[in-house]
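Structure file coords19.txt with compact mmCIF, C-alpha atoms and all ligand atoms:
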# COMPACT_ATOMS: atom_id res chain seq x y z
CA MET A 211 9.40 -5.68 -35.27
CA LYS A 212 8.99 -3.85 -31.97
CA LYS A 213 6.62 -5.35 -29.43
CA ARG A 214 3.60 -3.32 -28.39
CA ILE A 215 2.85 -2.19 -24.90
CA VAL A 216 -0.01 -0.26 -23.36
CA LEU A 217 0.93 2.38 -20.82
CA TYR A 218 -1.79 3.53 -18.40
CA LYS A 219 0.31 5.48 -15.94
CA ARG A 220 2.06 8.69 -16.94
CA LEU A 221 5.87 8.44 -17.09
CA SER A 222 8.56 11.11 -17.01
CA GLU A 223 10.00 12.10 -20.40
CA ASP A 224 13.26 10.22 -19.88
CA LEU A 225 11.49 6.98 -18.98
CA MET A 226 9.08 7.40 -21.88
CA ALA A 227 12.04 7.83 -24.24
CA ARG A 228 13.68 4.71 -22.81
CA LEU A 229 10.51 2.71 -23.41
CA GLN A 230 9.98 4.05 -26.92
CA GLU A 231 13.50 3.02 -27.95
CA GLN A 232 12.59 -0.60 -27.39
CA VAL A 233 8.81 -0.96 -27.78
CA GLU A 234 5.85 0.66 -29.47
CA VAL A 235 3.87 2.49 -26.81
CA THR A 236 0.11 3.16 -26.75
CA TRP A 237 -0.73 5.68 -24.03
CA VAL A 238 -4.17 5.39 -22.40
CA ASP A 239 -5.28 8.06 -19.96
CA MET A 240 -7.53 6.24 -17.48
CA ALA A 241 -8.64 9.56 -15.98
CA GLN A 242 -10.54 10.34 -19.19
CA PRO A 243 -14.16 9.19 -19.54
CA ASP A 244 -13.22 6.98 -22.52
CA GLY A 245 -10.12 5.56 -20.76
CA LEU A 246 -11.47 2.06 -20.25
CA ALA A 247 -12.83 1.86 -23.81
CA ARG A 248 -9.44 2.94 -25.19
CA LEU A 249 -7.69 0.39 -23.04
CA ARG A 250 -10.00 -2.35 -24.31
CA ASP A 251 -9.31 -1.27 -27.91
CA ALA A 252 -5.55 -1.45 -27.35
CA LEU A 253 -5.44 -4.82 -25.58
CA PRO A 254 -5.74 -7.18 -28.59
CA GLY A 255 -2.29 -6.15 -29.91
CA ALA A 256 -0.58 -5.73 -26.55
CA HIS A 257 2.47 -7.74 -25.46
CA GLY A 258 2.84 -5.77 -22.25
CA LEU A 259 0.95 -3.52 -19.85
CA LEU A 260 2.52 -0.95 -17.56
CA GLY A 261 0.50 0.95 -14.98
CA ALA A 262 -1.13 0.84 -11.56
CA SER A 263 -4.36 1.32 -9.61
CA LEU A 264 -6.48 -0.64 -12.08
CA ARG A 265 -8.08 -4.01 -11.52
CA ILE A 266 -7.07 -6.24 -14.42
CA ASP A 267 -9.75 -8.91 -14.47
CA ALA A 268 -10.49 -11.89 -16.72
CA SER A 269 -12.67 -9.81 -19.07
CA LEU A 270 -9.68 -7.57 -19.85
CA LEU A 271 -7.22 -10.48 -20.06
CA ASP A 272 -9.51 -12.26 -22.55
CA LEU A 273 -9.01 -9.29 -24.88
CA ALA A 274 -5.22 -9.64 -24.74
CA PRO A 275 -4.25 -13.06 -26.16
CA GLN A 276 -0.65 -11.95 -26.87
CA LEU A 277 -0.02 -10.53 -23.40
CA GLU A 278 3.37 -11.54 -21.98
CA VAL A 279 3.77 -9.26 -18.97
CA ILE A 280 1.98 -6.87 -16.65
CA SER A 281 4.43 -4.48 -15.03
CA SER A 282 2.71 -2.96 -12.02
CA VAL A 283 3.99 0.34 -10.62
CA SER A 284 3.30 -0.81 -7.06
CA VAL A 285 4.51 -3.37 -4.56
CA GLY A 286 0.96 -4.55 -3.72
CA VAL A 287 -0.47 -6.95 -6.30
CA ASP A 288 -4.04 -7.17 -5.03
CA ASN A 289 -5.35 -5.73 -8.32
CA TYR A 290 -4.39 -8.92 -10.13
CA ASP A 291 -5.51 -12.54 -9.99
CA VAL A 292 -2.00 -13.96 -9.75
CA ALA A 293 -3.06 -17.60 -10.16
CA GLN A 294 -4.98 -16.79 -13.31
CA LEU A 295 -2.08 -14.80 -14.79
CA THR A 296 0.21 -17.74 -14.08
CA ARG A 297 -2.16 -20.19 -15.80
CA ARG A 298 -2.18 -17.90 -18.82
CA GLY A 299 1.62 -17.65 -18.77
CA VAL A 300 1.51 -13.89 -18.15
CA LEU A 301 4.38 -12.59 -16.05
CA LEU A 302 3.50 -10.17 -13.25
CA THR A 303 6.13 -7.80 -11.88
CA ASN A 304 6.04 -5.22 -9.09
CA THR A 305 8.28 -2.54 -7.56
CA PRO A 306 9.41 -3.65 -4.09
CA ASP A 307 12.25 -2.10 -2.06
CA VAL A 308 12.37 1.32 -3.77
CA LEU A 309 9.25 2.45 -1.87
CA THR A 310 9.94 0.82 1.47
CA GLU A 311 11.51 3.77 3.31
CA THR A 312 9.08 6.34 1.93
CA THR A 313 6.07 4.24 2.91
CA ALA A 314 7.50 3.74 6.40
CA ASP A 315 7.90 7.54 6.61
CA THR A 316 4.20 7.81 5.80
CA GLY A 317 3.45 5.35 8.59
CA PHE A 318 5.34 7.48 11.06
CA ALA A 319 3.73 10.66 9.75
CA LEU A 320 0.35 9.09 10.58
CA ILE A 321 1.53 7.89 13.99
CA LEU A 322 2.76 11.36 14.92
CA ALA A 323 -0.14 13.24 13.35
CA SER A 324 -2.68 11.05 15.17
CA ALA A 325 -0.98 10.96 18.56
CA ARG A 326 -0.16 14.67 18.61
CA ARG A 327 -3.43 15.70 16.91
CA VAL A 328 -1.47 17.66 14.32
CA VAL A 329 -4.17 17.96 11.65
CA GLU A 330 -7.04 18.61 14.06
CA LEU A 331 -5.11 21.33 15.95
CA ALA A 332 -3.67 22.94 12.82
CA ASP A 333 -7.26 23.27 11.54
CA TRP A 334 -8.24 24.68 14.96
CA VAL A 335 -5.55 27.37 14.74
CA ARG A 336 -6.57 28.23 11.16
CA ALA A 337 -10.18 28.57 12.31
CA GLY A 338 -9.09 31.26 14.81
CA HIS A 339 -9.71 29.27 18.01
CA TRP A 340 -6.24 29.80 19.52
CA LYS A 341 -6.89 32.48 22.13
CA ALA A 342 -4.91 31.18 25.13
CA SER A 343 -2.39 28.49 26.00
CA LEU A 344 -3.70 24.96 25.69
CA GLY A 345 -5.27 22.89 28.43
CA PRO A 346 -5.77 19.13 28.82
CA ALA A 347 -8.68 19.08 26.33
CA HIS A 348 -6.14 19.61 23.56
CA PHE A 349 -3.30 17.46 24.81
CA GLY A 350 -2.11 14.59 22.65
CA SER A 351 -0.18 11.54 23.76
CA ASP A 352 3.51 10.66 23.55
CA VAL A 353 4.94 8.52 20.80
CA HIS A 354 8.46 8.01 22.17
CA GLY A 355 8.80 5.21 24.66
CA LYS A 356 5.46 3.64 23.75
CA THR A 357 4.73 0.19 22.30
CA LEU A 358 4.66 -0.13 18.53
CA GLY A 359 2.73 -3.15 17.19
CA ILE A 360 3.51 -4.11 13.59
CA VAL A 361 1.17 -6.48 11.78
CA GLY A 362 3.12 -7.88 8.81
CA MET A 363 6.87 -7.83 9.46
CA GLY A 364 8.06 -7.54 5.86
CA ARG A 365 10.08 -4.82 4.16
CA ILE A 366 7.91 -1.89 5.28
CA GLY A 367 7.23 -3.44 8.67
CA GLU A 368 10.95 -3.69 9.31
CA ALA A 369 11.54 -0.08 8.22
CA LEU A 370 8.86 0.97 10.72
CA ALA A 371 10.47 -1.16 13.44
CA ARG A 372 13.80 0.57 12.82
CA ARG A 373 12.24 4.02 13.10
CA GLY A 374 10.34 3.05 16.23
CA ALA A 375 13.23 1.35 18.04
CA ALA A 376 16.14 3.57 17.01
CA GLY A 377 14.40 6.91 16.59
CA PHE A 378 11.67 6.87 19.22
CA GLY A 379 12.91 4.38 21.81
CA MET A 380 9.77 2.29 21.33
CA ARG A 381 9.22 -1.30 22.37
CA VAL A 382 8.43 -3.25 19.20
CA LEU A 383 5.95 -6.12 19.03
CA TYR A 384 5.14 -7.77 15.73
CA HIS A 385 2.92 -10.38 14.21
CA SER A 386 3.62 -12.12 10.90
CA ARG A 387 3.10 -15.61 9.57
CA GLY A 388 6.18 -16.66 11.51
CA PRO A 389 8.90 -15.22 13.76
CA LYS A 390 11.92 -13.43 12.26
CA PRO A 391 14.93 -13.92 14.54
CA GLU A 392 17.09 -11.45 12.57
CA VAL A 393 14.51 -8.68 13.05
CA GLU A 394 14.24 -9.52 16.73
CA ALA A 395 18.01 -9.26 17.10
CA ARG A 396 18.20 -5.92 15.29
CA TYR A 397 15.34 -4.07 16.98
CA ALA A 398 14.77 -6.05 20.18
CA ALA A 399 11.37 -6.80 18.66
CA ARG A 400 9.16 -9.56 20.07
CA TYR A 401 6.99 -11.88 18.01
CA CYS A 402 3.50 -12.44 19.37
CA SER A 403 0.02 -13.51 18.35
CA LEU A 404 -2.23 -10.93 16.73
CA ASP A 405 -4.48 -10.91 19.81
CA GLU A 406 -1.60 -10.25 22.18
CA LEU A 407 -0.25 -7.49 19.95
CA LEU A 408 -3.67 -5.82 19.81
CA GLY A 409 -3.96 -5.97 23.57
CA GLN A 410 -0.56 -4.42 24.25
CA ALA A 411 0.31 -1.98 21.46
CA ASP A 412 -0.21 1.77 21.76
CA PHE A 413 0.12 2.01 17.97
CA VAL A 414 -1.11 -0.86 15.79
CA CYS A 415 0.39 -0.49 12.30
CA LEU A 416 -0.86 -2.60 9.44
CA THR A 417 1.69 -3.55 6.77
CA VAL A 418 0.34 -6.85 5.43
CA PRO A 419 -0.53 -7.39 1.75
CA LEU A 420 -4.24 -7.62 0.95
CA SER A 421 -5.07 -11.27 0.29
CA ALA A 422 -7.85 -13.75 0.98
CA HIS A 423 -6.16 -14.32 4.37
CA THR A 424 -5.82 -10.67 5.36
CA GLN A 425 -9.09 -9.21 4.08
CA GLY A 426 -11.02 -8.14 7.20
CA LEU A 427 -8.11 -9.19 9.44
CA ILE A 428 -8.98 -6.31 11.76
CA GLY A 429 -12.69 -6.65 12.48
CA ARG A 430 -15.01 -5.92 15.40
CA ARG A 431 -13.45 -8.58 17.63
CA GLU A 432 -9.91 -7.38 16.96
CA LEU A 433 -10.79 -3.70 17.48
CA ALA A 434 -12.37 -4.67 20.80
CA LEU A 435 -9.04 -6.15 21.89
CA MET A 436 -7.21 -2.83 21.39
CA LYS A 437 -6.55 -0.55 24.35
CA PRO A 438 -8.88 2.47 24.60
CA GLU A 439 -5.81 4.74 24.27
CA ALA A 440 -4.46 2.91 21.21
CA ILE A 441 -4.25 4.27 17.67
CA LEU A 442 -4.69 2.19 14.52
CA VAL A 443 -2.50 3.11 11.53
CA ASN A 444 -3.29 1.53 8.17
CA ILE A 445 -0.73 1.94 5.39
CA ALA A 446 -1.48 -1.48 3.87
CA ARG A 447 -4.82 -1.71 2.06
CA GLY A 448 -8.24 -0.49 3.17
CA ARG A 449 -9.93 -3.86 3.05
CA VAL A 450 -7.54 -5.34 5.62
CA VAL A 451 -9.84 -3.54 8.09
CA ASP A 452 -13.60 -3.89 8.46
CA GLU A 453 -14.27 -0.19 7.87
CA ALA A 454 -17.80 -0.19 9.31
CA ALA A 455 -16.51 -1.75 12.53
CA LEU A 456 -13.68 0.79 12.65
CA ILE A 457 -16.09 3.69 12.24
CA ASP A 458 -18.16 2.39 15.17
CA ALA A 459 -15.06 1.95 17.36
CA LEU A 460 -13.84 5.47 16.57
CA ARG A 461 -17.26 7.06 17.02
CA GLU A 462 -17.74 5.40 20.38
CA LYS A 463 -14.13 6.25 21.35
CA ARG A 464 -13.42 2.60 22.05
CA ILE A 465 -10.02 3.32 20.52
CA ARG A 466 -8.31 6.67 20.64
CA GLY A 467 -7.91 7.30 16.90
CA ALA A 468 -6.85 6.16 13.47
CA GLY A 469 -4.34 7.28 10.88
CA LEU A 470 -5.52 5.97 7.54
CA ASP A 471 -3.79 6.16 4.17
CA VAL A 472 -5.92 3.50 2.50
CA PHE A 473 -9.65 2.81 2.37
CA ALA A 474 -12.09 0.13 1.30
CA GLN A 475 -13.19 2.37 -1.59
CA GLU A 476 -10.73 4.84 -3.12
CA PRO A 477 -10.99 7.74 -3.65
CA LEU A 478 -12.71 8.05 -0.27
CA ALA A 479 -16.25 9.42 -0.69
CA ILE A 480 -16.71 12.92 0.71
CA ASP A 481 -19.68 11.67 2.77
CA SER A 482 -17.66 8.87 4.42
CA PRO A 483 -18.32 8.95 8.20
CA LEU A 484 -14.54 8.74 8.63
CA LEU A 485 -14.27 12.35 7.48
CA SER A 486 -16.64 13.62 10.15
CA LEU A 487 -14.60 12.15 13.02
CA ASP A 488 -12.00 14.38 14.66
CA ASN A 489 -10.00 11.35 15.81
CA VAL A 490 -9.21 10.32 12.23
CA VAL A 491 -6.31 11.49 10.08
CA ALA A 492 -7.09 10.51 6.49
CA THR A 493 -4.55 10.82 3.67
CA PRO A 494 -5.17 10.04 -0.02
CA HIS A 495 -3.05 6.88 -0.43
CA ILE A 496 0.22 8.82 -0.27
CA GLY A 497 2.33 5.91 1.04
CA SER A 498 4.93 6.05 -1.73
CA ALA A 499 3.93 9.40 -3.21
CA THR A 500 7.13 11.43 -3.24
CA ARG A 501 8.73 12.66 -6.46
CA GLU A 502 11.87 10.62 -5.88
CA THR A 503 10.13 7.38 -4.97
CA ARG A 504 7.49 7.50 -7.70
CA GLN A 505 10.27 8.07 -10.26
CA ALA A 506 12.24 5.14 -8.82
CA MET A 507 9.14 2.93 -8.95
CA ALA A 508 8.41 3.90 -12.55
CA SER A 509 12.02 3.24 -13.53
CA CYS A 510 11.88 -0.15 -11.87
CA ALA A 511 8.61 -0.94 -13.70
CA VAL A 512 10.18 0.03 -17.05
CA ASP A 513 13.18 -2.25 -16.34
CA ASN A 514 10.85 -5.11 -15.50
CA LEU A 515 8.76 -4.64 -18.60
CA LEU A 516 11.68 -4.30 -21.01
CA SER A 517 13.34 -7.41 -19.58
CA ALA A 518 10.16 -9.45 -19.91
CA VAL A 519 9.40 -8.49 -23.50
CA ALA A 520 13.04 -9.19 -24.41
CA GLY A 521 12.63 -12.72 -23.05
CA VAL A 522 14.86 -12.04 -20.03
CA ARG A 523 13.65 -12.93 -16.55
CA PRO A 524 12.53 -9.60 -15.00
CA PRO A 525 14.17 -8.59 -11.71
CA ASP A 526 10.93 -8.31 -9.73
CA LEU A 527 8.94 -11.29 -10.94
CA VAL A 528 5.95 -11.98 -8.66
CA ASN A 529 4.69 -15.22 -10.21
CA GLU A 530 7.83 -17.33 -10.53
CA SER A 531 5.92 -20.27 -11.96
CA ALA A 532 4.64 -18.20 -14.90
CA TRP A 533 8.24 -18.17 -16.10
CA GLY A 534 8.07 -21.96 -16.35
CA VAL A 535 4.71 -21.78 -18.15
CA ARG A 536 6.22 -19.39 -20.71
CA ALA A 537 9.34 -21.50 -21.16
CA ALA A 538 7.18 -24.59 -21.80
CA GLY A 539 5.38 -22.71 -24.60
CA PRO A 540 1.91 -23.57 -25.96
CA GLN A 541 0.65 -26.98 -24.72
P1 LIG B 1 6.31 -7.62 2.23
O1 LIG B 1 7.77 -7.39 2.37
O2 LIG B 1 5.85 -8.80 1.44
O3 LIG B 1 5.72 -7.70 3.73
C1 LIG B 1 4.45 -8.13 4.03
C2 LIG B 1 4.51 -8.93 5.32
O4 LIG B 1 3.17 -9.33 5.66
C3 LIG B 1 5.33 -10.19 5.24
O5 LIG B 1 6.23 -10.21 6.29
C4 LIG B 1 4.33 -11.31 5.40
O6 LIG B 1 4.68 -12.40 6.19
C5 LIG B 1 3.22 -10.64 6.17
N1 LIG B 1 1.97 -11.35 5.98
C6 LIG B 1 1.43 -11.81 4.83
N2 LIG B 1 0.25 -12.42 5.08
C7 LIG B 1 0.08 -12.36 6.42
C8 LIG B 1 -0.93 -12.81 7.28
N3 LIG B 1 -2.00 -13.51 6.82
N4 LIG B 1 -0.81 -12.55 8.61
C9 LIG B 1 0.27 -11.90 9.09
N5 LIG B 1 1.27 -11.46 8.30
C10 LIG B 1 1.17 -11.68 6.99
O7 LIG B 1 5.59 -6.36 1.61
P2 LIG B 1 5.94 -4.81 1.81
O8 LIG B 1 6.82 -4.36 0.72
O9 LIG B 1 6.34 -4.59 3.21
O10 LIG B 1 4.48 -4.19 1.53
C11 LIG B 1 3.38 -4.58 2.33
C12 LIG B 1 2.08 -4.04 1.76
O11 LIG B 1 2.01 -2.63 2.01
C13 LIG B 1 1.92 -4.15 0.25
O12 LIG B 1 1.43 -5.41 -0.14
C14 LIG B 1 0.94 -3.04 -0.09
O13 LIG B 1 -0.38 -3.50 -0.11
C15 LIG B 1 1.12 -2.06 1.08
N6 LIG B 1 1.69 -0.79 0.61
C16 LIG B 1 0.93 0.33 0.70
C17 LIG B 1 1.45 1.54 0.28
C18 LIG B 1 0.65 2.80 0.38
O14 LIG B 1 0.74 3.63 -0.51
N7 LIG B 1 -0.10 3.00 1.45
C19 LIG B 1 2.75 1.60 -0.26
C20 LIG B 1 3.49 0.43 -0.32
C21 LIG B 1 2.95 -0.77 0.10
P3 LIG B 1 5.84 -13.42 5.90
O15 LIG B 1 7.07 -12.65 6.26
O16 LIG B 1 5.58 -14.55 6.79
O17 LIG B 1 5.79 -13.75 4.45

Could you show the structure in this file as structure tokens?
Ligand code: NAP
Amino acid sequence: MKKRIVLYKRLSEDLMARLQEQVEVTWVDMAQPDGLARLRDALPGAHGLLGASLRIDASLLDLAPQLEVISSVSVGVDNYDVAQLTRRGVLLTNTPDVLTETTADTGFALILASARRVVELADWVRAGHWKASLGPAHFGSDVHGKTLGIVGMGRIGEALARRGAAGFGMRVLYHSRGPKPEVEARYAARYCSLDELLGQADFVCLTVPLSAHTQGLIGRRELALMKPEAILVNIARGRVVDEAALIDALREKRIRGAGLDVFAQEPLAIDSPLLSLDNVVATPHIGSATRETRQAMASCAVDNLLSAVAGVRPPDLVNESAWGVRAAGPQ
């Protein structure tokens, strides 16, 4: 008999057909008012879940005693309690690599848009204010030749470093949990403490995962260490930054600006003070949101799910030790 999976992210027709060949699929549209209730109804029979952007907590897991795998269509796994999934023997998979370059492109889009005031000045033109050639009040600042500070030198961090060093002639500083000699050799990057990076970088780019260690990593003290001309770019997760502290720093022009793709609460509320500041470029979590990359992520998630329910180790297993728990069987 086919195993049952619950799908809560829309897939292209070809991927849906690939899934349906192997498993019985229950589709739940989380955008509908009854989405959560339908998900809860489907969980008792589910062997697998495939989706994204939904916190899967213990109350949902308790409804799914047969669950073998959660295949997340994301690289970030902050919506899951990994330790708890492991204890329950539930495999968790993600979609690394296929989104790296696209997300780094988003990082650079925010760097350029913030430094060159692209959104603010495009709105200014549209509003009919362009009557004469520009003066210093509308000048931006250069990106090329400046210092790029990367917090979290992983896959996306390295893709940013490459763009900065090779494309924009930038000096690259980075902070991670430890130095990476191979990255230093490739991009002439220099490892430093977070405080030193904050004090020297013209662009501080956040590419760490959200975890207990990184939540609030950039708070009031850290923002105060940044140069007044510096720009903060967050393509990681909103809660890596203390948003209230950031709003104060931006309002008081203690830093020059921010390019933000992620927020403490998403979707960002229309009355967020961030949206009333002209030194903020806010995008709606578009890091990986291109047609090509979202299809590649979905395909990767389908591969992971089908492997797991077939009893084969999935390619992008996050919780390695859950594999051991499954192999050991019921205690
Ligand atoms: P990754 O390869 O795992 O890189 C993350 C890096 O952060 C690693 O180098 C890691 O250090 C470092 N790190 C972890 N904890 C740290 C800490 N406490 N202090 C300093 N550095 C720390 O992950 P990735 O694929 O680059 O993705 C990074 C994150 O970007 C994801 O987790 C996700 O939340 C976010 N993201 C957002 C979007 C978007 O749409 N905006 C899209 C994709 C990803 P080590 O090297 O020492 O392990």

Item to complete: Report as a ChimeraX atom specification which protein, DNA and RNA residues come within 7 Å of ligand LIG 1 (chain B), using all atoms listed in the file.
Response: /A:284-287,306-307,309-310,313,361-367,385-388,417-420,423-424,445-447,471-472,495-498

Atoms kept (C-alpha atoms) for selection, written as a PDB file, keeping the file's coordinate frame:
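Produced file part.pdb, reproduced below:
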ATOM      1  CA  SER A 284       3.300  -0.810  -7.060  1.00  0.00           C
ATOM      2  CA  VAL A 285       4.510  -3.370  -4.560  1.00  0.00           C
ATOM      3  CA  GLY A 286       0.960  -4.550  -3.720  1.00  0.00           C
ATOM      4  CA  VAL A 287      -0.470  -6.950  -6.300  1.00  0.00           C
ATOM      5  CA  PRO A 306       9.410  -3.650  -4.090  1.00  0.00           C
ATOM      6  CA  ASP A 307      12.250  -2.100  -2.060  1.00  0.00           C
ATOM      7  CA  LEU A 309       9.250   2.450  -1.870  1.00  0.00           C
ATOM      8  CA  THR A 310       9.940   0.820   1.470  1.00  0.00           C
ATOM      9  CA  THR A 313       6.070   4.240   2.910  1.00  0.00           C
ATOM     10  CA  VAL A 361       1.170  -6.480  11.780  1.00  0.00           C
ATOM     11  CA  GLY A 362       3.120  -7.880   8.810  1.00  0.00           C
ATOM     12  CA  MET A 363       6.870  -7.830   9.460  1.00  0.00           C
ATOM     13  CA  GLY A 364       8.060  -7.540   5.860  1.00  0.00           C
ATOM     14  CA  ARG A 365      10.080  -4.820   4.160  1.00  0.00           C
ATOM     15  CA  ILE A 366       7.910  -1.890   5.280  1.00  0.00           C
ATOM     16  CA  GLY A 367       7.230  -3.440   8.670  1.00  0.00           C
ATOM     17  CA  HIS A 385       2.920 -10.380  14.210  1.00  0.00           C
ATOM     18  CA  SER A 386       3.620 -12.120  10.900  1.00  0.00           C
ATOM     19  CA  ARG A 387       3.100 -15.610   9.570  1.00  0.00           C
ATOM     20  CA  GLY A 388       6.180 -16.660  11.510  1.00  0.00           C
ATOM     21  CA  THR A 417       1.690  -3.550   6.770  1.00  0.00           C
ATOM     22  CA  VAL A 418       0.340  -6.850   5.430  1.00  0.00           C
ATOM     23  CA  PRO A 419      -0.530  -7.390   1.750  1.00  0.00           C
ATOM     24  CA  LEU A 420      -4.240  -7.620   0.950  1.00  0.00           C
ATOM     25  CA  HIS A 423      -6.160 -14.320   4.370  1.00  0.00           C
ATOM     26  CA  THR A 424      -5.820 -10.670   5.360  1.00  0.00           C
ATOM     27  CA  ILE A 445      -0.730   1.940   5.390  1.00  0.00           C
ATOM     28  CA  ALA A 446      -1.480  -1.480   3.870  1.00  0.00           C
ATOM     29  CA  ARG A 447      -4.820  -1.710   2.060  1.00  0.00           C
ATOM     30  CA  ASP A 471      -3.790   6.160   4.170  1.00  0.00           C
ATOM     31  CA  VAL A 472      -5.920   3.500   2.500  1.00  0.00           C
ATOM     32  CA  HIS A 495      -3.050   6.880  -0.430  1.00  0.00           C
ATOM     33  CA  ILE A 496       0.220   8.820  -0.270  1.00  0.00           C
ATOM     34  CA  GLY A 497       2.330   5.910   1.040  1.00  0.00           C
ATOM     35  CA  SER A 498       4.930   6.050  -1.730  1.00  0.00           C
TER      36      SER A 498
END

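Ranking A:Gln276, A:Ser343, A:Asn289, A:Thr500 by their shortest atom-to-atom distance to Leu302 in chain A, with all atoms listed in the file included, puts A:Asn289 first.
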
Discussion item. Please determine, counting only C-alpha atoms, which residue among A:Ile428, A:Leu485, A:Val490, A:Ala454 has the shortest atom-to-atom distance to Arg466 in chain A.
Written reply: A:Val490

Item to complete: Dump as a list of chain:residue names all residues having an atom at most 9 Å from (-2.2, -13.1, -5.5), computed in the file's coordinates with all atoms listed in the file.
Response: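 Residues lying no farther than 9 Å from the given point: A:Val287, A:Asp288, A:Asn289, A:Tyr290, A:Asp291, A:Val292, A:Ala293, A:Leu420, A:Ser421, A:Ala422, A:Val528, A:Asn529.
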
Discussion item. Counting only C-alpha atoms, find residues at most 12 Å from (6.3, 8.0, -18.0) (file frame) and give them as a count of residues only.
Written reply: 32

Discussion item. Neighbouring residues of Leu456 in chain A were defined as those with any atom within 8 Å, considering only C-alpha atoms; residues of the same chain fewer than 5 positions away were excluded. Please report them as a PyMOL selection string.
Written reply: chain A and resi 429-430+433+451

Worksheet entry | Nearest residue to Leu408 in chain A from the set A:Leu264, A:Met436, A:Met211, A:Leu460 (distances using all atoms listed in the file) | A:Met436

Worksheet, complete the sentence: Students should find that CA of Lys463 in chain A and CA of Ser324 in chain A are spaced 13.9 Å

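Each of A:Lys390, A:Glu530, A:Ala479, A:Phe318 was checked against Leu442 in chain A using only C-alpha atoms; the smallest atom-to-atom distance is that of A:Phe318.
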
Worksheet item: Which one is closest to Val382 in chain A: A:Glu231, A:Glu311, A:Asp458, A:Glu394? Count all atoms listed in the file.
Response: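 Among the listed residues, the smallest separation from Val382 in chain A belongs to A:Glu394.
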